Structures are given as C-alpha cells and as structure tokens.
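Coordinates from coords_21.csv are shown below (CSV, C-alpha atoms).
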```csv
chain,number,residue,atom,x,y,z
A,1,MET,CA,0.0,0.0,0.0
A,2,ASN,CA,2.8,2.4,0.8
A,3,ASP,CA,4.4,1.7,-2.6
A,4,LEU,CA,1.1,2.4,-4.3
A,5,ALA,CA,0.7,5.6,-2.3
A,6,THR,CA,4.2,6.7,-3.2
A,7,LEU,CA,3.6,5.9,-6.9
A,8,TRP,CA,0.3,7.9,-6.8
A,9,ALA,CA,2.0,10.9,-5.2
A,10,THR,CA,4.5,11.0,-8.1
A,11,THR,CA,1.8,11.2,-10.8
A,12,GLY,CA,0.8,14.5,-12.4
A,13,ILE,CA,-2.9,13.8,-11.6
A,14,SER,CA,-2.3,13.9,-7.9
A,15,GLN,CA,-0.3,17.1,-8.1
A,16,ILE,CA,-2.3,19.1,-10.6
A,17,ASN,CA,-4.2,22.2,-9.4
A,18,ALA,CA,-7.1,24.2,-10.9
A,19,GLY,CA,-4.8,26.8,-12.3
A,20,GLN,CA,-2.7,24.3,-14.2
A,21,MET,CA,-5.8,22.6,-15.5
A,22,LEU,CA,-7.1,25.9,-16.8
A,23,MET,CA,-3.8,26.8,-18.5
A,24,ILE,CA,-3.7,23.4,-20.1
A,25,CYS,CA,-7.2,24.1,-21.5
A,26,ILE,CA,-5.9,27.5,-22.7
A,27,GLY,CA,-3.1,25.7,-24.5
A,28,LEU,CA,-5.6,23.4,-26.1
A,29,LEU,CA,-7.6,26.4,-27.2
A,30,LEU,CA,-4.6,27.9,-28.8
A,31,LEU,CA,-4.0,24.6,-30.6
A,32,PHE,CA,-7.6,24.6,-31.8
A,33,LEU,CA,-7.4,28.2,-33.1
A,34,ALA,CA,-4.2,27.3,-34.9
A,35,ILE,CA,-5.2,23.9,-36.4
A,36,ARG,CA,-9.0,24.3,-36.9
A,37,LYS,CA,-9.3,28.1,-37.6
A,38,GLY,CA,-5.9,28.8,-39.1
A,39,PHE,CA,-5.1,31.7,-36.8
A,40,GLU,CA,-1.4,32.4,-36.9
A,41,PRO,CA,-0.7,28.6,-36.8
A,42,LEU,CA,3.1,28.9,-37.2
A,43,LEU,CA,3.3,30.4,-33.7
A,44,LEU,CA,0.1,29.7,-31.9
A,45,LEU,CA,0.7,25.9,-32.4
A,46,PRO,CA,4.1,25.8,-30.7
A,47,ILE,CA,3.0,28.4,-28.1
A,48,GLY,CA,-0.1,26.3,-27.2
A,49,PHE,CA,2.0,23.1,-27.0
A,50,GLY,CA,4.6,24.9,-24.8
A,51,ALA,CA,1.8,26.1,-22.5
A,52,ILE,CA,0.6,22.5,-22.1
A,53,LEU,CA,4.1,21.2,-21.4
A,54,VAL,CA,5.0,23.9,-18.8
A,55,ASN,CA,1.8,23.2,-16.8
A,56,ILE,CA,2.2,19.5,-16.4
A,57,PRO,CA,3.1,19.1,-12.7
A,58,GLY,CA,6.3,17.2,-11.9
A,59,ALA,CA,7.6,17.3,-15.5
A,60,ASP,CA,9.7,20.4,-14.8
A,61,PHE,CA,10.0,21.4,-18.4
A,62,SER,CA,10.9,25.0,-17.5
A,63,ALA,CA,12.7,24.3,-14.2
A,64,ALA,CA,15.9,26.2,-13.6
A,65,PRO,CA,19.1,24.2,-13.0
A,66,VAL,CA,20.1,23.6,-9.4
A,67,TYR,CA,23.6,24.1,-8.1
A,68,ASP,CA,25.2,23.2,-4.8
A,69,SER,CA,27.1,25.7,-2.6
A,70,VAL,CA,30.3,25.3,-4.5
A,71,GLY,CA,28.7,25.6,-7.9
A,72,HIS,CA,28.4,22.0,-9.0
A,73,LEU,CA,25.4,21.1,-11.0
A,74,GLU,CA,23.0,19.0,-8.9
A,75,ALA,CA,20.0,18.9,-11.3
A,76,PRO,CA,19.8,20.1,-14.9
A,77,GLY,CA,17.2,22.6,-16.0
A,78,GLY,CA,14.2,21.7,-18.2
A,79,VAL,CA,14.5,22.0,-22.0
A,80,LEU,CA,12.1,25.0,-22.1
A,81,PHE,CA,14.2,26.8,-19.6
A,82,TYR,CA,17.2,26.6,-21.9
A,83,ILE,CA,15.2,27.5,-25.0
A,84,TYR,CA,14.0,30.6,-23.2
A,85,GLN,CA,17.4,31.6,-21.8
A,86,VAL,CA,19.3,31.1,-25.0
A,87,GLY,CA,16.9,32.5,-27.5
A,88,ILE,CA,14.4,34.9,-25.9
A,89,GLU,CA,16.1,36.3,-22.9
A,90,THR,CA,19.1,37.2,-25.1
A,91,GLY,CA,16.9,38.5,-27.8
A,92,VAL,CA,18.4,36.3,-30.4
A,93,PHE,CA,15.2,34.6,-31.7
A,94,PRO,CA,13.2,37.8,-32.4
A,95,LEU,CA,16.2,39.2,-34.2
A,96,LEU,CA,16.6,36.1,-36.4
A,97,ILE,CA,12.9,36.3,-37.1
A,98,PHE,CA,13.3,39.9,-38.2
A,99,MET,CA,16.1,38.9,-40.5
A,100,GLY,CA,13.8,36.3,-42.1
A,101,VAL,CA,11.0,38.9,-42.4
A,102,GLY,CA,13.4,41.3,-44.1
A,103,ALA,CA,14.4,38.6,-46.6
A,104,LEU,CA,10.7,38.1,-47.4
A,105,THR,CA,9.9,41.8,-47.7
A,106,ASP,CA,9.6,43.8,-50.9
A,107,PHE,CA,10.2,47.5,-50.3
A,108,GLY,CA,9.0,48.3,-53.9
A,109,PRO,CA,5.5,49.6,-53.0
A,110,LEU,CA,6.9,51.8,-50.3
A,111,LEU,CA,9.6,53.2,-52.6
A,112,ALA,CA,7.1,53.7,-55.4
A,113,ASN,CA,4.9,55.8,-53.1
A,114,PRO,CA,7.1,57.2,-50.3
A,115,LYS,CA,4.2,59.1,-48.8
A,116,THR,CA,2.8,55.9,-47.4
A,117,LEU,CA,5.7,56.0,-44.9
A,118,PHE,CA,3.5,58.6,-43.0
A,119,LEU,CA,0.7,56.0,-42.7
A,120,GLY,CA,3.0,53.5,-41.1
A,121,ALA,CA,4.2,56.1,-38.7
A,122,ALA,CA,0.7,57.3,-37.8
A,123,ALA,CA,-0.4,53.7,-37.0
A,124,GLN,CA,2.2,53.6,-34.3
A,125,PHE,CA,0.2,56.1,-32.3
A,126,GLY,CA,-1.6,53.2,-30.7
A,127,ILE,CA,1.6,52.2,-29.1
A,128,PHE,CA,2.1,55.5,-27.3
A,129,ALA,CA,-1.5,55.9,-26.4
A,130,THR,CA,-1.5,52.5,-24.7
A,131,VAL,CA,1.6,53.4,-22.7
A,132,LEU,CA,-0.3,56.4,-21.4
A,133,GLY,CA,-3.3,54.2,-20.7
A,134,ALA,CA,-1.2,51.7,-18.7
A,135,VAL,CA,0.4,54.5,-16.7
A,136,ALA,CA,-3.1,55.9,-16.0
A,137,LEU,CA,-4.3,52.5,-14.7
A,138,SER,CA,-1.3,52.5,-12.3
A,139,SER,CA,-2.0,56.1,-11.2
A,140,PHE,CA,-5.6,55.3,-10.2
A,141,ASN,CA,-4.4,52.1,-8.5
A,142,ILE,CA,-6.6,49.9,-10.8
A,143,LEU,CA,-3.6,47.8,-11.9
A,144,GLN,CA,0.0,48.2,-11.0
A,145,PHE,CA,2.2,48.6,-14.1
A,146,SER,CA,5.7,50.0,-14.0
A,147,ILE,CA,6.8,52.3,-16.8
A,148,GLN,CA,8.8,49.4,-18.3
A,149,ASP,CA,5.7,47.2,-18.2
A,150,ALA,CA,3.6,50.0,-19.9
A,151,ALA,CA,6.2,50.3,-22.6
A,152,ALA,CA,6.3,46.6,-23.3
A,153,ILE,CA,2.4,46.4,-23.3
A,154,GLY,CA,2.2,49.3,-25.7
A,155,ILE,CA,4.2,47.6,-28.4
A,156,ILE,CA,1.3,45.2,-28.9
A,157,GLY,CA,-0.4,48.1,-30.8
A,158,GLY,CA,2.2,47.7,-33.6
A,159,ALA,CA,0.8,44.2,-34.3
A,160,ASP,CA,4.4,42.9,-34.7
A,161,GLY,CA,4.9,39.7,-32.7
A,162,PRO,CA,8.8,39.5,-32.8
A,163,THR,CA,9.1,43.2,-31.8
A,164,ALA,CA,6.7,42.7,-28.9
A,165,ILE,CA,8.6,39.7,-27.7
A,166,TYR,CA,11.9,41.5,-28.0
A,167,VAL,CA,10.8,44.5,-26.1
A,168,ALA,CA,9.0,42.4,-23.4
A,169,SER,CA,12.1,40.2,-22.9
A,170,LYS,CA,14.1,43.4,-22.2
A,171,LEU,CA,11.7,45.5,-20.2
A,172,ALA,CA,9.1,43.1,-18.7
A,173,PRO,CA,10.1,39.4,-18.9
A,174,ASP,CA,7.5,38.5,-16.2
A,175,LEU,CA,4.8,39.7,-18.6
A,176,LEU,CA,6.2,38.1,-21.7
A,177,GLY,CA,3.7,35.2,-22.0
A,178,ALA,CA,0.6,37.5,-21.8
A,179,ILE,CA,2.2,40.1,-24.1
A,180,ALA,CA,3.2,37.5,-26.7
A,181,VAL,CA,-0.2,35.7,-26.7
A,182,ALA,CA,-2.0,39.1,-27.0
A,183,ALA,CA,0.2,40.3,-29.8
A,184,TYR,CA,-0.2,37.1,-31.9
A,185,SER,CA,-3.8,36.7,-31.1
A,186,TYR,CA,-4.7,40.1,-32.4
A,187,MET,CA,-2.5,39.6,-35.4
A,188,ALA,CA,-4.5,36.5,-36.2
A,189,LEU,CA,-7.7,38.3,-35.7
A,190,VAL,CA,-6.9,41.2,-38.1
A,191,PRO,CA,-9.6,40.0,-40.6
A,192,LEU,CA,-12.2,40.3,-37.7
A,193,ILE,CA,-11.0,43.4,-35.9
A,194,GLN,CA,-10.1,45.8,-38.7
A,195,PRO,CA,-13.1,45.8,-41.1
A,196,PRO,CA,-15.6,47.3,-38.6
A,197,ILE,CA,-13.1,50.1,-37.8
A,198,MET,CA,-12.6,50.7,-41.5
A,199,ARG,CA,-16.3,51.0,-42.2
A,200,LEU,CA,-16.9,53.2,-39.2
A,201,LEU,CA,-14.2,55.7,-40.1
A,202,THR,CA,-14.7,55.9,-43.9
A,203,THR,CA,-17.6,56.6,-46.2
A,204,GLU,CA,-18.7,54.4,-49.0
A,205,ASP,CA,-17.4,56.9,-51.5
A,206,GLU,CA,-14.0,56.9,-49.8
A,207,ARG,CA,-13.8,53.1,-49.9
A,208,ARG,CA,-14.5,53.2,-53.7
A,209,ILE,CA,-11.5,55.5,-54.5
A,210,GLU,CA,-9.3,53.9,-57.1
A,211,MET,CA,-5.6,54.7,-56.9
A,212,THR,CA,-3.2,55.2,-59.8
A,213,GLN,CA,-0.8,52.4,-60.8
A,214,LEU,CA,2.5,52.4,-58.9
A,215,ARG,CA,5.7,53.2,-60.9
A,216,PRO,CA,8.3,50.4,-61.4
A,217,VAL,CA,11.2,50.5,-58.9
A,218,GLY,CA,14.7,49.6,-60.0
A,219,GLN,CA,17.1,47.2,-58.3
A,220,LEU,CA,19.5,50.1,-57.4
A,221,GLU,CA,16.8,51.8,-55.3
A,222,LYS,CA,16.0,48.5,-53.6
A,223,VAL,CA,19.6,47.8,-52.8
A,224,LEU,CA,20.4,51.3,-51.5
A,225,PHE,CA,17.2,51.7,-49.4
A,226,PRO,CA,18.0,49.1,-46.6
A,227,LEU,CA,21.5,50.6,-46.3
A,228,LEU,CA,20.2,54.2,-46.0
A,229,LEU,CA,17.5,53.1,-43.7
A,230,LEU,CA,19.8,51.4,-41.3
A,231,VAL,CA,22.5,54.1,-41.2
A,232,SER,CA,20.0,57.0,-40.8
A,233,VAL,CA,18.0,55.3,-38.0
A,234,ALA,CA,20.9,53.8,-36.2
A,235,LEU,CA,22.7,57.2,-36.0
A,236,LEU,CA,19.6,58.8,-34.6
A,237,LEU,CA,18.3,56.0,-32.5
A,238,PRO,CA,20.9,53.3,-31.7
A,239,SER,CA,18.6,51.3,-29.5
A,240,ALA,CA,16.5,50.5,-32.7
A,241,ALA,CA,19.6,49.3,-34.6
A,242,PRO,CA,19.4,45.6,-33.5
A,243,LEU,CA,15.9,45.1,-34.9
A,244,LEU,CA,16.3,47.2,-38.0
A,245,GLY,CA,19.8,45.9,-38.6
A,246,MET,CA,18.7,42.3,-38.9
A,247,PHE,CA,15.7,43.4,-40.9
A,248,CYS,CA,17.8,45.4,-43.4
A,249,LEU,CA,20.4,42.6,-43.6
A,250,GLY,CA,17.7,40.1,-44.7
A,251,ASN,CA,16.3,42.5,-47.2
A,252,LEU,CA,19.7,43.4,-48.6
A,253,MET,CA,20.5,39.7,-49.1
A,254,ARG,CA,17.2,39.4,-51.1
A,255,GLU,CA,17.6,42.5,-53.2
A,256,SER,CA,21.4,42.1,-54.0
A,257,GLY,CA,20.7,39.0,-56.0
A,258,VAL,CA,24.2,37.6,-55.3
A,259,VAL,CA,23.5,35.4,-52.2
A,260,ASP,CA,20.6,33.3,-53.3
A,261,ARG,CA,21.5,30.4,-51.1
A,262,LEU,CA,21.7,32.6,-48.0
A,263,THR,CA,18.4,34.3,-49.0
A,264,ASP,CA,16.7,30.9,-49.5
A,265,THR,CA,18.0,29.6,-46.1
A,266,THR,CA,16.8,32.8,-44.3
A,267,GLN,CA,13.4,32.8,-45.9
A,268,ASN,CA,12.7,29.1,-45.2
A,269,SER,CA,14.8,26.8,-43.0
A,270,LEU,CA,16.2,29.4,-40.6
A,271,ILE,CA,13.0,31.3,-40.0
A,272,ASN,CA,11.0,28.1,-39.7
A,273,THR,CA,13.4,26.6,-37.2
A,274,VAL,CA,13.6,29.7,-35.1
A,275,THR,CA,9.8,30.0,-35.1
A,276,ILE,CA,9.4,26.6,-33.5
A,277,PHE,CA,11.8,27.4,-30.7
A,278,LEU,CA,10.4,30.9,-30.3
A,279,GLY,CA,6.9,29.6,-29.8
A,280,LEU,CA,8.0,27.0,-27.3
A,281,GLY,CA,10.0,29.6,-25.4
A,282,VAL,CA,7.0,31.9,-25.2
A,283,GLY,CA,4.8,29.0,-24.1
A,284,SER,CA,7.3,28.3,-21.3
A,285,LYS,CA,6.1,31.6,-19.7
A,286,LEU,CA,2.4,30.5,-19.7
A,287,SER,CA,2.6,28.7,-16.4
A,288,ALA,CA,-0.4,29.2,-14.1
A,289,GLU,CA,1.4,31.2,-11.5
A,290,HIS,CA,2.6,33.7,-14.1
A,291,PHE,CA,-0.4,34.0,-16.3
A,292,LEU,CA,-3.5,33.7,-14.2
A,293,ASN,CA,-3.7,37.2,-12.6
A,294,ALA,CA,-5.5,40.5,-13.1
A,295,LYS,CA,-2.5,41.9,-15.0
A,296,THR,CA,-3.0,39.4,-17.8
A,297,LEU,CA,-6.6,40.6,-18.3
A,298,GLY,CA,-5.4,44.2,-18.3
A,299,ILE,CA,-2.8,43.4,-20.9
A,300,LEU,CA,-5.3,41.7,-23.2
A,301,VAL,CA,-7.7,44.7,-22.9
A,302,LEU,CA,-4.9,47.3,-23.4
A,303,GLY,CA,-3.5,45.3,-26.3
A,304,MET,CA,-6.9,45.3,-28.0
A,305,LEU,CA,-7.2,49.1,-27.5
A,306,ALA,CA,-3.7,49.6,-28.8
A,307,PHE,CA,-4.4,47.7,-32.0
A,308,ALA,CA,-7.7,49.5,-32.5
A,309,ILE,CA,-6.2,52.9,-32.0
A,310,GLY,CA,-3.3,52.1,-34.3
A,311,THR,CA,-5.7,51.0,-37.1
A,312,ALA,CA,-7.9,54.1,-36.6
A,313,SER,CA,-4.8,56.4,-36.6
A,314,GLY,CA,-3.6,55.0,-39.9
A,315,LEU,CA,-7.1,55.5,-41.4
A,316,ILE,CA,-7.4,59.1,-40.2
A,317,MET,CA,-4.0,60.0,-41.5
A,318,ALA,CA,-4.9,58.5,-44.9
A,319,LYS,CA,-8.1,60.6,-45.0
A,320,ILE,CA,-6.1,63.8,-44.2
A,321,MET,CA,-3.5,63.0,-46.9
A,322,ASN,CA,-6.2,62.4,-49.4
A,323,ARG,CA,-7.5,65.9,-48.8
A,324,PHE,CA,-4.2,67.4,-49.8
A,325,SER,CA,-2.9,64.9,-52.4
A,326,ARG,CA,-2.8,65.5,-56.1
A,327,THR,CA,-3.5,61.9,-56.7
A,328,PRO,CA,-6.3,60.1,-54.9
A,329,ILE,CA,-5.5,58.0,-51.8
A,330,ASN,CA,-8.0,55.4,-50.6
A,331,PRO,CA,-8.1,55.8,-46.8
A,332,LEU,CA,-8.4,52.0,-46.4
A,333,ILE,CA,-4.7,51.6,-47.0
A,334,GLY,CA,-4.0,53.5,-43.8
A,335,ALA,CA,-5.3,50.6,-41.8
A,336,ALA,CA,-2.4,48.5,-43.2
A,337,GLY,CA,0.0,50.8,-41.3
A,338,VAL,CA,0.0,48.3,-38.5
A,339,SER,CA,2.8,45.8,-39.3
A,340,ALA,CA,0.8,42.6,-39.6
A,341,VAL,CA,2.4,41.7,-42.9
A,342,PRO,CA,0.8,41.0,-45.3
A,343,MET,CA,-2.5,40.2,-43.6
A,344,ALA,CA,-3.4,43.9,-43.0
A,345,ALA,CA,-2.8,44.7,-46.6
A,346,ARG,CA,-5.0,41.8,-47.7
A,347,VAL,CA,-7.8,43.0,-45.4
A,348,ALA,CA,-7.6,46.5,-46.8
A,349,ASN,CA,-7.8,45.1,-50.4
A,350,ARG,CA,-10.8,42.9,-49.5
A,351,VAL,CA,-12.8,45.8,-47.9
A,352,GLY,CA,-12.0,47.9,-51.0
A,353,LEU,CA,-13.2,45.2,-53.4
A,354,GLU,CA,-16.5,45.0,-51.4
A,355,ALA,CA,-17.1,48.7,-52.2
A,356,ASN,CA,-15.7,48.6,-55.8
A,357,PRO,CA,-15.1,45.4,-57.6
A,358,HIS,CA,-12.5,47.1,-59.8
A,359,ASN,CA,-10.6,48.5,-56.8
A,360,PHE,CA,-7.4,46.5,-56.3
A,361,LEU,CA,-5.5,48.0,-53.3
A,362,ILE,CA,-3.1,45.2,-52.3
A,363,MET,CA,0.1,46.7,-53.8
A,364,HIS,CA,-0.8,50.2,-52.5
A,365,ALA,CA,-1.5,48.8,-49.1
A,366,MET,CA,1.8,47.0,-49.0
A,367,GLY,CA,3.6,50.4,-48.8
A,368,PRO,CA,2.1,51.4,-45.4
A,369,ASN,CA,2.3,47.7,-44.3
A,370,VAL,CA,6.0,47.6,-44.8
A,371,ALA,CA,6.3,51.1,-43.3
A,372,GLY,CA,4.5,49.7,-40.2
A,373,VAL,CA,7.3,47.2,-39.7
A,374,ILE,CA,9.8,50.0,-39.8
A,375,GLY,CA,7.7,52.1,-37.5
A,376,SER,CA,7.2,49.4,-34.9
A,377,ALA,CA,10.9,48.8,-34.8
A,378,VAL,CA,11.6,52.5,-34.4
A,379,ALA,CA,8.9,52.7,-31.7
A,380,ALA,CA,10.6,49.8,-29.9
A,381,GLY,CA,13.9,51.6,-30.1
A,382,VAL,CA,12.3,54.7,-28.6
A,383,MET,CA,10.9,52.7,-25.7
A,384,LEU,CA,14.1,50.9,-25.0
A,385,GLY,CA,16.1,54.2,-25.2
A,386,LEU,CA,13.7,56.0,-22.8
A,387,VAL,CA,13.0,53.4,-20.2
A,388,GLY,CA,15.3,50.4,-20.9
```
Please rewrite the model in this file as structure tokens.
Amino acid sequence: MNDLATLWATTGISQINAGQMLMICIGLLLLFLAIRKGFEPLLLLPIGFGAILVNIPGADFSAAPVYDSVGHLEAPGGVLFYIYQVGIETGVFPLLIFMGVGALTDFGPLLANPKTLFLGAAAQFGIFATVLGAVALSSFNILQFSIQDAAAIGIIGGADGPTAIYVASKLAPDLLGAIAVAAYSYMALVPLIQPPIMRLLTTEDERRIEMTQLRPVGQLEKVLFPLLLLVSVALLLPSAAPLLGMFCLGNLMRESGVVDRLTDTTQNSLINTVTIFLGLGVGSKLSAEHFLNAKTLGILVLGMLAFAIGTASGLIMAKIMNRFSRTPINPLIGAAGVSAVPMAARVANRVGLEANPHNFLIMHAMGPNVAGVIGSAVAAGVMLGLVG
C-alpha cells in the first residue's frame, strides 16, 4: 500500500491544481485556433503546445538548474528553460525572425509611393496611447504597471509579434507570456478586428476610390534603401539598430541577388526553425502562476485598445493625406499601417473590393504595411532608449 501511495503521489494527476488545468485548457484552445481556424498557426501551435508542457506538474520542463554551494550542478534545467534563456532572454530569436521577415519583404511599393511612410508612422500612435493608458491605470491604483511594463504592453499596438517579444524580454520578462499571446492573437484576428473600424471611419465613396498604378522600382533603389534606412535610423536611435539591422540585412540579401543560397535559407529553413523554438520559449512563460492574474486581463484589454487605436490612426492619417494629395488616396490603405504583414494589406484590399469590384489596393496597401514594420521597430527603439 505504501508503494502504491508513493507511486500515486508522483503522478501528475495527484499534483495538478485548478490553475494548471485551466492553463492546459488555454493551451488546447490555442492549438484549436491554430489547427482548426488557421489563426497564426506557425506560432500559436508551438506556443499552445509549450503552454501544455509547462503546466504538467512534476515534469519540470521550465525548471531552472540547481547548483550546490560550490557551484556544482545537482539537477539540470528543463528543456524549455534553456530554450527561453538562449533564444528569448538574449533577444536572439526575435532578431533572427526579423532577418527572415526582411528577406521576405519587398520595399518596392513603399519606394514607389514614399508618402505611405507617414501612414506606417501614424499607425504607431496606438503604441504610445496605450503606454499612457497603462500608466493611468497605475496612477488610479486599478492595476500596477511600471513604466517598463507599460512600454512593453504598448508595443502590442504595432501588431508585430517579434518586436513585442523582443521589447518584453528586455523590459518586462515576467509579462512576456501574456504580451506574446495578446500580440499574436490580435495579429491572427486582423480580418475580424479591422473591417468594422474601417467601415466606421470611412464613407462608401472613400472606400470606392481607385488609386493610380505604382511606378516600377529599379534594383539600385531597392539595394540602397535598406542601407540608407539602417544608417539613418541607427545614428539617430541606436537602440533600434538591432531590430532594424537584422531586418535590413535580410532585405539586402534578397535584393542584392548575389547570395541566393543565403536568402533561401533565411526565408525558409532558418526562420522556420527559429519560429518553432520561439513559440516553445514563449509557451514556457504561460505557467499558471505567471499567467492567471489581473494583470493578464489588463494586458489583453490594453492590447486590443492599442491595436484598434493604431488602425484608426492610420485611417485618419490617410483621410487627411487624401485631402491634400494631387493623386487620390484610398483611406483603407491607412489601416495597413500596422505591421501585420501581409494580412493587414489583404484586409484593406478585401474591404476595398467590397465597395468597388475594380478596386485592387493590395500593392498600394503593402507600402504602409512595410512602413509599419519599420515604424514598430523605431517605436521599440524609442521605448528601449527611454525606459530600458
């Protein structure tokens, strides 16, 4: 009987608590959204699986290593602990993801219509508005967020998962799980969140506006742009250089045309491998003791507000630009200023087609969409420079 009691005590069933059960269910929900609904499956699947692993009692997937008084290793850490330490705490995984995104990005639409850079910049207003909102919650003692927490939460408004993870790992590692889940959840829900805001802030006539065809962009422009972007931003804002540097490196490899093997590796095997470990590392922060608290709910609400404000800001800026532009600008492309590439551009194109079947906005929307990636990286650099 004693042997049976000892065996029972070592099982996960005997040790599991309500919080762990709930977090395992949340992990299963993330897997359902990834597999059944197709919501950001490349990251929600490993994040959801990591959430299940880290909440299995007794498995110690995210346990830290144990050392004795003289520094000898007594018990090794769990595999998720090392994945997080090596790739996320150091910031390596988000930077490698950014290099892959750069290798997949075409700056042509932005270079063909440089005015759309303002739309990407305007959409970042959601980030700074949310920082103020988080500070206000702390001021009224509703939820306690430090200025570093507020800065990390605000980045959700850029709809850029790797940037949100990078900033959270530097400023608020204890909130990383909630911030990452919020960022990728809202990115996945772009087709549901953005259209109502688009229709609310634009008229039917505005949504029908057809834009003139973009000019062709030469290879020389595409090669010079990432170099000029990196140098100009890095000199003004060095804290943004890591993110933009890797982004520009990936893009330069793509546009130079002389390192096809490196470009292919970056676009496929490298970014795919890193995505797996990034998702598992984020999932390791979804333990019940870290995730189930009032702050998590506050982060989810603030993240939604940040995303909505960013979308609205891009739309309003596009409406203003249309008033003063010689060539017509469809305000819908302003919503693509958030950096959910290319999903936000596709949503803008779809809503435009609903109003006018001859209105193809996808390439025009890619300009502010790419500008949003640059804008979110710059906003992250500002946050890290001010409060890091």
Point to revise | Long-range neighbours of A:Leu29 as a PyMOL selection string, 12 Å cut-off, only C-alpha atoms, 3 positions minimum in chain | key: chain A and resi 22-26+32-37+39+44-45+47-49+51-52+181+185
Review point. Near stretch 188-194 of chain A, counting only C-alpha atoms, which residues have an atom at most 12 Å away, once you skip same-chain residues fewer than 5 positions from it, shown as number ranges by chain?
Key: A: 30, 33-34, 37-44, 157, 159-161, 181-183, 199-201, 304-312, 314-315, 332-351
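Using only C-alpha atoms for every distance, the candidate list A:Ile142, A:Leu386, A:Phe128, A:Leu280 yields A:Leu280 as the residue closest to A:Gln85.
The spacing separating atom CA of A:Asn17 from atom CA of A:Tyr84 amounts to 24.3 Å.
Distances from A:Asp264, A:Glu206, A:Glu255, A:Asp174 to A:Lys222 were compared using all atoms listed in the file, and the smallest one belongs to A:Glu255.
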Exercise for review: Could you check how far atom CA of A:Ala168 sits from atom CA of A:Ile153, in Å to one decimal?
Suggested key: 7.7 Å
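We find atom CA of A:Thr263 and atom CA of A:Val101 to be spaced 10.9 Å apart.
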Point to revise | Distance query A:Arg326 at most 12 Å, all atoms listed in the file, self and fewer than 2 positions along chain excluded, as a ChimeraX atom specification | key: /A:115,211-212,321-324,328-329
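Using all atoms listed in the file, the protein and nucleic acid residues lying no more than 9 Å from A:Phe360, apart from those fewer than 2 places from it along its own chain, are A:Glu210, A:Met211, A:Asn349, A:Arg350, A:Gly352, A:Leu353, A:Asn356, A:Pro357, A:His358, A:Ile362, A:Met363, A:His364.
In this comparison, which uses all atoms listed in the file, the residue of A:Gln267, A:Leu230, A:Ile156, A:Glu74 approaching A:Tyr186 most closely is A:Ile156.
Non-sequential neighbours of A:Val223 (distance at most 9 Å, separation of 6 or more positions within a chain, all atoms listed in the file) are A:Asn251, A:Leu252, A:Met253, A:Arg254, A:Glu255, A:Ser256.
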Grab the residues selected above and save them as a PDB file, in the coordinates of the input with C-alpha atoms.
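Written file, again-v4.pdb:
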```
ATOM      1  CA  ASN A 251      16.300  42.500 -47.200  1.00  0.00           C
ATOM      2  CA  LEU A 252      19.700  43.400 -48.600  1.00  0.00           C
ATOM      3  CA  MET A 253      20.500  39.700 -49.100  1.00  0.00           C
ATOM      4  CA  ARG A 254      17.200  39.400 -51.100  1.00  0.00           C
ATOM      5  CA  GLU A 255      17.600  42.500 -53.200  1.00  0.00           C
ATOM      6  CA  SER A 256      21.400  42.100 -54.000  1.00  0.00           C
TER       7      SER A 256
END
```
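Shortest separation to A:Gly102 among A:Met383, A:Phe277, A:Phe247, A:Asn268 occurs at residue A:Phe247, atoms counted being only C-alpha atoms.
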Study note, to complete from the structure: Across A:Met21, A:Ala121, A:Leu229, A:Ile88, the smallest distance to A:Ala180, with all atoms listed in the file counted, is shown by A:Ile88
